[in-house]
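Source file: entry_9.txt. Holds: compact mmCIF, C-alpha atoms.
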# COMPACT_ATOMS: atom_id res chain seq x y z
CA MET A 1 17.99 -11.49 12.71
CA THR A 2 16.15 -14.66 13.64
CA ASP A 3 17.73 -17.53 15.55
CA LYS A 4 18.64 -20.52 13.40
CA VAL A 5 16.75 -23.58 14.60
CA GLN A 6 19.32 -26.21 15.55
CA THR A 7 17.05 -29.14 16.41
CA ALA A 8 17.15 -32.54 14.79
CA ALA A 9 13.88 -34.06 13.69
CA GLY A 10 11.68 -34.69 16.70
CA LYS A 11 14.16 -33.43 19.34
CA SER A 12 12.63 -30.62 21.29
CA LEU A 13 14.24 -27.56 22.84
CA TRP A 14 13.57 -25.93 26.20
CA SER A 15 13.99 -28.65 28.83
CA THR A 16 15.96 -29.12 32.06
CA LEU A 17 17.06 -32.30 33.84
CA ARG A 18 15.86 -32.31 37.47
CA GLU A 19 17.72 -33.87 40.40
CA ASP A 20 15.14 -36.66 40.62
CA GLY A 21 15.89 -37.69 37.04
CA ARG A 22 12.75 -36.23 35.48
CA GLN A 23 12.91 -33.92 32.48
CA GLU A 24 11.20 -30.57 33.01
CA CYS A 25 9.68 -28.91 29.95
CA ARG A 26 10.34 -25.14 29.96
CA LEU A 27 8.24 -24.22 26.94
CA CYS A 28 5.17 -22.97 28.80
CA PRO A 29 4.48 -22.02 32.45
CA ARG A 30 3.24 -25.50 33.32
CA HIS A 31 6.83 -26.80 33.58
CA CYS A 32 5.65 -30.39 33.23
CA ARG A 33 8.10 -32.83 34.86
CA MET A 34 8.18 -36.15 33.05
CA LYS A 35 9.65 -39.53 33.89
CA GLU A 36 10.76 -41.82 31.06
CA GLY A 37 7.83 -42.37 28.72
CA GLN A 38 5.58 -39.77 30.33
CA ARG A 39 3.89 -36.99 28.35
CA GLY A 40 3.22 -33.41 29.37
CA PHE A 41 -0.16 -31.69 29.77
CA CYS A 42 -0.20 -30.91 26.03
CA PHE A 43 0.26 -34.65 25.31
CA ILE A 44 2.63 -34.22 22.33
CA ARG A 45 5.79 -33.49 24.35
CA GLN A 46 7.21 -36.68 25.83
CA ASN A 47 10.30 -37.87 27.72
CA GLN A 48 11.98 -40.39 25.43
CA ARG A 49 15.31 -41.82 26.59
CA GLY A 50 16.08 -38.82 28.76
CA LYS A 51 15.14 -36.14 26.23
CA ILE A 52 11.94 -34.16 25.73
CA VAL A 53 10.71 -35.02 22.25
CA ASN A 54 8.04 -33.26 20.21
CA THR A 55 6.04 -36.26 19.02
CA ALA A 56 4.15 -34.03 16.56
CA TYR A 57 7.33 -32.98 14.77
CA ALA A 58 6.79 -32.78 10.98
CA THR A 59 3.20 -33.97 11.28
CA SER A 60 -0.06 -32.35 10.30
CA LEU A 61 -3.75 -33.05 10.65
CA GLY A 62 -4.59 -31.50 7.31
CA PHE A 63 -3.96 -28.46 5.16
CA GLN A 64 -6.39 -25.85 3.92
CA ILE A 65 -6.07 -22.63 1.95
CA ASP A 66 -7.96 -19.96 3.89
CA PRO A 67 -8.57 -16.26 3.43
CA ILE A 68 -6.29 -14.44 5.85
CA GLU A 69 -9.43 -12.86 7.36
CA LYS A 70 -10.36 -16.29 8.74
CA LYS A 71 -7.38 -16.36 11.16
CA PRO A 72 -8.72 -13.68 11.91
CA LEU A 73 -6.35 -11.00 10.60
CA ASN A 74 -8.03 -7.99 9.01
CA HIS A 75 -4.99 -5.72 8.70
CA PHE A 76 -2.39 -8.18 7.40
CA TYR A 77 -2.46 -8.20 3.60
CA PRO A 78 -6.27 -8.29 3.40
CA GLY A 79 -7.69 -10.34 0.58
CA THR A 80 -4.71 -12.72 0.43
CA THR A 81 -4.69 -16.41 1.29
CA ALA A 82 -2.86 -18.44 3.91
CA LEU A 83 -1.94 -22.11 3.76
CA SER A 84 -3.22 -23.21 7.16
CA PHE A 85 -2.38 -26.31 9.19
CA GLY A 86 -2.07 -27.61 12.73
CA THR A 87 -1.08 -30.71 14.65
CA ALA A 88 -2.70 -32.03 17.83
CA GLY A 89 -2.86 -31.17 21.52
CA CYS A 90 -2.90 -27.94 23.52
CA ASN A 91 -1.29 -26.49 26.64
CA LEU A 92 -4.56 -25.00 27.90
CA GLY A 93 -7.56 -26.87 29.25
CA CYS A 94 -10.42 -24.69 27.99
CA THR A 95 -13.81 -26.24 28.73
CA PHE A 96 -15.30 -24.21 25.87
CA CYS A 97 -12.70 -25.22 23.24
CA GLN A 98 -14.04 -24.62 19.74
CA ASN A 99 -11.45 -27.02 18.26
CA TRP A 100 -11.67 -29.75 20.91
CA HIS A 101 -11.44 -32.53 18.30
CA LEU A 102 -7.82 -31.39 17.70
CA SER A 103 -6.89 -30.64 21.29
CA ARG A 104 -7.86 -34.22 22.27
CA ALA A 105 -4.56 -35.51 20.93
CA LYS A 106 -4.95 -39.15 21.93
CA GLN A 107 -7.73 -39.68 19.42
CA VAL A 108 -6.03 -37.98 16.47
CA GLU A 109 -2.29 -38.61 16.80
CA GLU A 110 -2.38 -41.72 14.63
CA SER A 111 -4.18 -39.91 11.80
CA SER A 112 -1.43 -37.30 11.38
CA SER A 113 0.58 -37.11 8.17
CA ALA A 114 4.34 -36.54 8.00
CA VAL A 115 5.26 -33.32 6.15
CA ARG A 116 8.72 -31.75 6.02
CA PRO A 117 9.07 -27.96 6.44
CA GLU A 118 10.39 -27.37 2.92
CA VAL A 119 7.41 -29.22 1.44
CA ILE A 120 4.98 -26.90 3.23
CA ALA A 121 6.83 -23.79 2.07
CA ALA A 122 6.93 -25.02 -1.52
CA ALA A 123 3.20 -25.81 -1.46
CA ALA A 124 2.38 -22.31 -0.21
CA LYS A 125 4.49 -20.77 -2.95
CA ARG A 126 2.97 -23.02 -5.61
CA HIS A 127 -0.57 -22.08 -4.59
CA HIS A 128 0.25 -18.34 -4.46
CA CYS A 129 -0.38 -18.04 -0.72
CA GLN A 130 0.96 -14.86 0.88
CA SER A 131 1.53 -16.72 4.13
CA VAL A 132 1.54 -19.99 6.03
CA ALA A 133 -0.61 -20.00 9.19
CA PHE A 134 0.10 -22.17 12.23
CA THR A 135 -3.40 -22.63 13.55
CA TYR A 136 -6.29 -25.01 14.46
CA ASN A 137 -4.46 -26.17 17.59
CA ASP A 138 -1.85 -24.06 19.37
CA PRO A 139 1.57 -23.82 17.68
CA ILE A 140 3.23 -23.05 21.01
CA ILE A 141 3.45 -26.76 21.83
CA TRP A 142 5.11 -27.53 18.48
CA ALA A 143 7.08 -24.29 18.33
CA ASP A 144 10.31 -25.99 17.21
CA TYR A 145 8.58 -27.48 14.16
CA ALA A 146 6.80 -24.19 13.39
CA MET A 147 10.11 -22.33 13.54
CA GLU A 148 11.67 -24.70 11.01
CA VAL A 149 8.66 -24.31 8.71
CA ALA A 150 8.97 -20.52 9.07
CA GLN A 151 12.63 -20.63 8.04
CA ALA A 152 11.73 -22.62 4.93
CA CYS A 153 8.90 -20.18 4.14
CA HIS A 154 11.06 -17.08 4.46
CA GLU A 155 13.61 -18.56 2.10
CA LEU A 156 10.87 -18.60 -0.56
CA GLY A 157 9.41 -15.20 0.33
CA VAL A 158 6.35 -16.64 2.09
CA GLN A 159 5.30 -15.01 5.37
CA THR A 160 4.23 -16.75 8.56
CA VAL A 161 1.30 -16.32 10.94
CA ALA A 162 0.86 -17.70 14.47
CA VAL A 163 -2.66 -18.15 15.87
CA SER A 164 -2.01 -18.78 19.54
CA ASN A 165 -3.18 -18.53 23.13
CA GLY A 166 0.03 -16.71 24.12
CA TYR A 167 0.72 -19.02 27.10
CA MET A 168 4.49 -19.30 26.74
CA GLU A 169 7.71 -18.76 28.68
CA PRO A 170 9.93 -15.74 27.84
CA GLU A 171 12.93 -17.44 26.20
CA PRO A 172 11.05 -19.76 23.82
CA ARG A 173 8.67 -16.87 23.18
CA ARG A 174 11.58 -14.71 22.04
CA GLN A 175 12.86 -17.43 19.73
CA PHE A 176 9.42 -18.33 18.38
CA TYR A 177 8.25 -14.81 17.49
CA ALA A 178 11.58 -14.00 15.86
CA HIS A 179 10.31 -16.27 13.08
CA MET A 180 6.76 -14.88 12.79
CA ASP A 181 5.42 -12.03 10.65
CA ALA A 182 1.96 -11.77 12.21
CA ALA A 183 0.06 -13.16 15.17
CA ASN A 184 -3.48 -13.35 16.42
CA ILE A 185 -3.54 -14.02 20.16
CA ASP A 186 -6.61 -15.32 21.98
CA LEU A 187 -7.24 -13.15 25.01
CA LYS A 188 -9.80 -15.49 26.56
CA ALA A 189 -11.09 -13.02 29.14
CA PHE A 190 -9.74 -10.25 31.33
CA THR A 191 -9.89 -11.82 34.77
CA GLU A 192 -7.53 -14.25 36.48
CA SER A 193 -10.51 -16.16 37.88
CA PHE A 194 -11.76 -16.98 34.36
CA TYR A 195 -8.34 -18.24 33.26
CA ARG A 196 -7.90 -20.37 36.38
CA ARG A 197 -11.37 -21.93 36.30
CA TYR A 198 -12.06 -22.35 32.58
CA CYS A 199 -8.57 -22.55 31.00
CA LEU A 200 -6.43 -24.02 33.81
CA ALA A 201 -3.94 -21.21 33.17
CA ASP A 202 -3.28 -17.59 34.13
CA LEU A 203 -4.00 -14.22 32.55
CA HIS A 204 -0.77 -12.38 33.37
CA THR A 205 1.38 -14.67 31.18
CA VAL A 206 -0.84 -13.89 28.18
CA MET A 207 -0.71 -10.17 28.94
CA ASP A 208 3.10 -10.37 29.09
CA THR A 209 3.14 -12.08 25.69
CA LEU A 210 0.95 -9.39 24.15
CA VAL A 211 3.15 -6.60 25.48
CA TYR A 212 6.27 -8.44 24.32
CA ILE A 213 4.97 -8.92 20.77
CA LYS A 214 3.84 -5.32 20.47
CA LYS A 215 6.84 -3.59 22.04
CA GLU A 216 9.78 -5.92 21.38
CA THR A 217 9.10 -7.37 17.91
CA ASN A 218 8.06 -6.34 14.41
CA VAL A 219 5.25 -8.92 14.37
CA TRP A 220 1.88 -7.54 13.29
CA LEU A 221 -0.55 -8.18 16.18
CA GLU A 222 -4.30 -8.66 16.38
CA ILE A 223 -6.34 -9.99 19.31
CA THR A 224 -9.42 -12.22 19.53
CA THR A 225 -11.76 -12.55 22.50
CA LEU A 226 -14.45 -15.25 22.35
CA ILE A 227 -17.46 -13.80 24.16
CA ILE A 228 -19.28 -16.38 26.32
CA PRO A 229 -22.68 -15.38 27.74
CA GLY A 230 -22.57 -14.96 31.50
CA LEU A 231 -18.82 -15.52 31.80
CA ASN A 232 -16.86 -12.76 30.09
CA ASP A 233 -19.54 -10.54 28.53
CA ASN A 234 -19.64 -8.03 31.39
CA PRO A 235 -19.48 -4.45 30.05
CA GLU A 236 -17.15 -3.40 32.87
CA GLU A 237 -14.72 -6.19 32.00
CA MET A 238 -14.68 -5.02 28.38
CA LYS A 239 -13.97 -1.49 29.55
CA GLN A 240 -11.01 -2.70 31.58
CA GLN A 241 -9.68 -4.84 28.73
CA SER A 242 -10.02 -2.02 26.20
CA ARG A 243 -8.36 0.52 28.49
CA TRP A 244 -5.46 -1.84 29.11
CA MET A 245 -5.06 -2.47 25.38
CA VAL A 246 -4.98 1.25 24.59
CA ARG A 247 -2.53 1.96 27.40
CA GLU A 248 -0.15 -0.98 26.92
CA LEU A 249 -0.54 -1.96 23.26
CA GLY A 250 -1.86 1.15 21.55
CA GLU A 251 -5.14 2.14 19.95
CA ASP A 252 -4.24 0.63 16.55
CA VAL A 253 -4.22 -3.05 17.61
CA PRO A 254 -7.36 -4.63 16.11
CA LEU A 255 -9.71 -6.50 18.44
CA HIS A 256 -12.01 -9.29 17.21
CA LEU A 257 -15.04 -10.06 19.38
CA THR A 258 -16.34 -13.45 18.31
CA ALA A 259 -19.48 -15.36 19.14
CA PHE A 260 -19.38 -18.50 21.28
CA HIS A 261 -21.23 -21.63 20.17
CA PRO A 262 -21.99 -24.42 22.68
CA THR A 263 -19.51 -27.26 22.35
CA PHE A 264 -17.15 -29.64 24.17
CA ARG A 265 -17.76 -29.38 27.94
CA MET A 266 -19.77 -26.16 27.79
CA THR A 267 -23.09 -27.01 26.21
CA ASP A 268 -25.17 -25.48 28.98
CA ARG A 269 -24.98 -21.96 27.54
CA GLU A 270 -26.62 -20.37 24.53
CA ALA A 271 -24.70 -18.98 21.57
CA THR A 272 -23.66 -15.36 21.93
CA PRO A 273 -26.35 -12.96 20.68
CA LEU A 274 -25.30 -10.46 18.04
CA GLU A 275 -26.62 -7.67 20.27
CA THR A 276 -24.09 -8.60 22.96
CA LEU A 277 -21.20 -8.37 20.51
CA LEU A 278 -22.43 -5.06 19.15
CA GLY A 279 -22.74 -3.60 22.63
CA LEU A 280 -19.25 -4.71 23.66
CA ARG A 281 -17.84 -3.46 20.36
CA GLN A 282 -19.27 -0.02 21.03
CA ILE A 283 -17.69 -0.01 24.50
CA ALA A 284 -14.28 -0.92 23.07
CA LEU A 285 -14.55 1.83 20.47
CA SER A 286 -15.62 4.38 23.05
CA GLU A 287 -12.57 3.48 25.17
CA GLY A 288 -10.26 4.41 22.30
CA LEU A 289 -9.64 1.30 20.20
CA LYS A 290 -9.80 2.22 16.51
CA TYR A 291 -10.50 -1.16 14.97
CA VAL A 292 -13.01 -3.53 16.60
CA TYR A 293 -14.65 -6.34 14.65
CA THR A 294 -17.28 -9.00 15.25
CA GLY A 295 -16.89 -12.64 14.22
CA ASN A 296 -18.83 -15.92 13.97
CA VAL A 297 -21.98 -13.90 13.24
CA MET A 298 -23.61 -12.38 10.16
CA SER A 299 -22.76 -8.68 10.44
CA PRO A 300 -20.99 -7.30 7.35
CA GLU A 301 -21.05 -3.76 8.75
CA THR A 302 -19.04 -4.66 11.85
CA GLN A 303 -16.72 -6.99 9.93
CA SER A 304 -15.67 -4.22 7.54
CA THR A 305 -12.88 -1.69 7.99
CA TYR A 306 -13.49 2.05 8.19
CA CYS A 307 -11.13 4.99 8.28
CA PRO A 308 -10.87 6.04 11.94
CA ARG A 309 -10.46 9.68 10.89
CA CYS A 310 -13.13 10.33 8.25
CA GLY A 311 -15.30 7.22 8.57
CA GLU A 312 -14.92 6.14 4.94
CA LEU A 313 -15.65 2.45 4.22
CA LEU A 314 -12.26 1.13 3.09
CA ILE A 315 -12.56 -2.67 3.16
CA GLU A 316 -16.00 -4.20 2.79
CA ARG A 317 -16.28 -7.77 4.08
CA HIS A 318 -18.98 -10.40 4.06
CA TRP A 319 -17.96 -13.04 6.58
CA HIS A 320 -14.38 -13.78 5.46
CA ARG A 321 -14.85 -12.66 1.89
CA LEU A 322 -13.58 -9.31 0.64
CA GLU A 323 -16.25 -7.48 -1.37
CA ALA A 324 -14.40 -4.23 -2.05
CA LYS A 325 -11.20 -2.46 -1.06
CA LYS A 326 -10.42 1.26 -1.34
CA LEU A 327 -6.99 1.39 0.21
CA PRO A 328 -4.31 2.54 -2.28
CA ASN A 329 -0.85 2.05 -0.77
CA GLY A 330 -2.44 1.30 2.62
CA LYS A 331 -4.01 4.77 2.83
CA CYS A 332 -7.60 5.96 3.05
CA ALA A 333 -8.83 6.70 -0.47
CA LYS A 334 -10.74 9.73 0.84
CA CYS A 335 -8.56 11.52 3.41
CA GLY A 336 -5.16 9.85 2.90
CA LEU A 337 -4.73 8.53 6.46
CA ALA A 338 -2.26 5.65 6.61
CA LEU A 339 -4.12 2.67 8.05
CA ALA A 340 -2.40 0.55 10.68
CA GLY A 341 -1.34 -2.82 9.30
CA ARG A 342 0.53 -4.47 6.45
CA TYR A 343 -0.67 -3.93 2.92
CA ALA A 344 0.51 -4.96 -0.53

Whole structure, structure tokens version:
Amino acid sequence: MTDKVQTAAGKSLWSTLREDGRQECRLCPRHCRMKEGQRGFCFIRQNQRGKIVNTAYATSLGFQIDPIEKKPLNHFYPGTTALSFGTAGCNLGCTFCQNWHLSRAKQVEESSSAVRPEVIAAAAKRHHCQSVAFTYNDPIIWADYAMEVAQACHELGVQTVAVSNGYMEPEPRRQFYAHMDAANIDLKAFTESFYRRYCLADLHTVMDTLVYIKKETNVWLEITTLIIPGLNDNPEEMKQQSRWMVRELGEDVPLHLTAFHPTFRMTDREATPLETLLGLRQIALSEGLKYVYTGNVMSPETQSTYCPRCGELLIERHWHRLEAKKLPNGKCAKCGLALAGRYA
């Protein structure tokens, strides 16, 4: 049973009053301590009159109906659509951010639109969306709002998806994922040095989140790693990441290896070559992962789903578009193997 969200509009959970009078946010490991009027690292959480307030509560920077494969989720009701939206800000400081225009909250806060949770749920139902996706920026920093939207969605039979960096403290994490049906977590790299230098964060917190989701919840989990030339494209690093995933999460968790494109504060590197993604994909498969996909590149073969037992092509994809599906009742049409995932 999920926890009922008890917050009033705009009043955030997960804070502690310090002896010096500052409010300490306990949502993510940064533990930002804020004096009256100050904002945290993510920008949208602010100390207002002695309480941490989510200034992005009930706001959105736009809605879009996406194929679920765009999240990316390839094993969560493939071929369905998700009503996607985000707010502003982020609790990481990635120099390679692919959505930097949203993470730079100061420039976009005033352009947000106010939308109540029940309105979002009703819109998803009206447009025949299987799910609502919290995406574009990270829903961790507006977790209280996302949880209320999730409650409204579940009341109408609409499922919920979190696209997140996984950088979250244990108690809010437990409450947040109790309201989610699926998640795609960005595993930025598999070294602490990368996280410290390029994300201003740490790897072990994200690893803890992945293990928690897989072992302690019923949330369907997929993982994305953005491959940046010269930074996290080392074959040995991919071996270590794949071995850890098989050991701690299981061989059935899908991995998406996506291509980097120069942007934000990292324009000094070239886009990721397809050959790099294909080589790393082969390493991940050889280490035991059953489902490894490529993204942000034109490669229908490595974006499609195959039976890991007999090799039959089961879901043919072209970018995010489903071309064909041979998966009756979630089983291989040729050998009958039940495919990992959630299927209609």

Give one line per residue of range 149-213 of chain A that approaches range 225-249 of chain A to at most 10 Å, naming the two atoms of the closest pair and their distance in Å to one decimal, counting all atoms listed in the file; sort by chain then ascending residue number and deliver it as JSON lines.
{"residue": "A:Ile185", "atom": "CA", "partner": "A:Thr225", "partner_atom": "CA", "distance": 8.7}
{"residue": "A:Asp186", "atom": "CA", "partner": "A:Thr225", "partner_atom": "CA", "distance": 5.9}
{"residue": "A:Leu187", "atom": "CA", "partner": "A:Thr225", "partner_atom": "CA", "distance": 5.2}
{"residue": "A:Lys188", "atom": "CA", "partner": "A:Thr225", "partner_atom": "CA", "distance": 5.4}
{"residue": "A:Ala189", "atom": "CA", "partner": "A:Asn232", "partner_atom": "CA", "distance": 5.9}
{"residue": "A:Phe190", "atom": "CA", "partner": "A:Gln241", "partner_atom": "CA", "distance": 6.0}
{"residue": "A:Thr191", "atom": "CA", "partner": "A:Glu237", "partner_atom": "CA", "distance": 7.9}
{"residue": "A:Phe194", "atom": "CA", "partner": "A:Leu231", "partner_atom": "CA", "distance": 7.7}
{"residue": "A:Tyr198", "atom": "CA", "partner": "A:Leu231", "partner_atom": "CA", "distance": 9.6}
{"residue": "A:Met207", "atom": "CA", "partner": "A:Glu248", "partner_atom": "CA", "distance": 9.4}
{"residue": "A:Leu210", "atom": "CA", "partner": "A:Leu249", "partner_atom": "CA", "distance": 7.6}
{"residue": "A:Val211", "atom": "CA", "partner": "A:Leu249", "partner_atom": "CA", "distance": 6.3}
{"residue": "A:Tyr212", "atom": "CA", "partner": "A:Leu249", "partner_atom": "CA", "distance": 9.5}
{"residue": "A:Ile213", "atom": "CA", "partner": "A:Leu249", "partner_atom": "CA", "distance": 9.2}

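With all atoms listed in the file as the atoms that count, the residue of A:Met266, A:Ala146, A:Ala121, A:Ile223 with the shortest distance to Gln98 in chain A is A:Met266.
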
For each of A:Glu216, A:Arg45, A:Gly50, A:Phe134, take the minimum atom-to-atom distance to Gly21 in chain A, counting only C-alpha atoms, then give the residue where this is smallest. A:Gly50

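Note that CA of Glu312 in chain A and CA of Ala259 in chain A are 26.2 Å apart.
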
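Compared by their closest atoms to Lys325 in chain A, and using all atoms listed in the file, the residues A:Asp202, A:Asp66, A:Tyr77, A:Thr224 rank with A:Tyr77 nearest.
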
Missing atoms of range 317-337 of chain A rebuilt to N, CA and C atoms, written as a short mmCIF file (atom, residue, chain, number, x, y, z; two decimals), in the frame of the given file:
data_model
loop_
_atom_site.label_atom_id
_atom_site.label_comp_id
_atom_site.auth_asym_id
_atom_site.auth_seq_id
_atom_site.Cartn_x
_atom_site.Cartn_y
_atom_site.Cartn_z
N ARG A 317 -16.36 -6.33 3.91
CA ARG A 317 -16.28 -7.77 4.08
C ARG A 317 -17.65 -8.39 4.27
N HIS A 318 -17.79 -9.59 3.82
CA HIS A 318 -18.98 -10.40 4.06
C HIS A 318 -18.49 -11.73 4.59
N TRP A 319 -18.63 -11.96 5.89
CA TRP A 319 -17.96 -13.04 6.58
C TRP A 319 -16.46 -12.90 6.34
N HIS A 320 -15.82 -13.88 5.69
CA HIS A 320 -14.38 -13.78 5.46
C HIS A 320 -14.05 -13.37 4.04
N ARG A 321 -15.05 -13.00 3.29
CA ARG A 321 -14.85 -12.66 1.89
C ARG A 321 -14.76 -11.15 1.70
N LEU A 322 -13.76 -10.71 0.96
CA LEU A 322 -13.58 -9.31 0.64
C LEU A 322 -14.50 -8.94 -0.51
N GLU A 323 -15.35 -7.93 -0.32
CA GLU A 323 -16.25 -7.48 -1.37
C GLU A 323 -15.67 -6.29 -2.13
N ALA A 324 -14.97 -5.42 -1.41
CA ALA A 324 -14.40 -4.23 -2.05
C ALA A 324 -13.28 -3.69 -1.17
N LYS A 325 -12.32 -3.05 -1.80
CA LYS A 325 -11.20 -2.46 -1.06
C LYS A 325 -10.81 -1.13 -1.69
N LYS A 326 -10.83 -0.08 -0.89
CA LYS A 326 -10.42 1.26 -1.34
C LYS A 326 -9.29 1.72 -0.44
N LEU A 327 -8.12 1.16 -0.68
CA LEU A 327 -6.99 1.39 0.21
C LEU A 327 -5.69 1.46 -0.58
N PRO A 328 -5.55 2.44 -1.48
CA PRO A 328 -4.31 2.54 -2.28
C PRO A 328 -3.09 2.78 -1.40
N ASN A 329 -2.10 1.91 -1.54
CA ASN A 329 -0.85 2.05 -0.77
C ASN A 329 -1.08 2.06 0.74
N GLY A 330 -2.15 1.38 1.20
CA GLY A 330 -2.44 1.30 2.62
C GLY A 330 -2.99 2.59 3.22
N LYS A 331 -3.49 3.48 2.36
CA LYS A 331 -4.01 4.77 2.83
C LYS A 331 -5.48 4.92 2.48
N CYS A 332 -6.19 5.69 3.30
CA CYS A 332 -7.60 5.96 3.05
C CYS A 332 -7.74 6.66 1.70
N ALA A 333 -8.63 6.13 0.86
CA ALA A 333 -8.83 6.70 -0.47
C ALA A 333 -9.46 8.09 -0.41
N LYS A 334 -10.06 8.44 0.73
CA LYS A 334 -10.74 9.73 0.84
C LYS A 334 -9.88 10.80 1.49
N CYS A 335 -9.30 10.49 2.67
CA CYS A 335 -8.56 11.52 3.41
C CYS A 335 -7.06 11.29 3.45
N GLY A 336 -6.60 10.12 2.98
CA GLY A 336 -5.16 9.85 2.90
C GLY A 336 -4.52 9.34 4.17
N LEU A 337 -5.30 9.05 5.21
CA LEU A 337 -4.73 8.53 6.46
C LEU A 337 -4.12 7.15 6.22
#
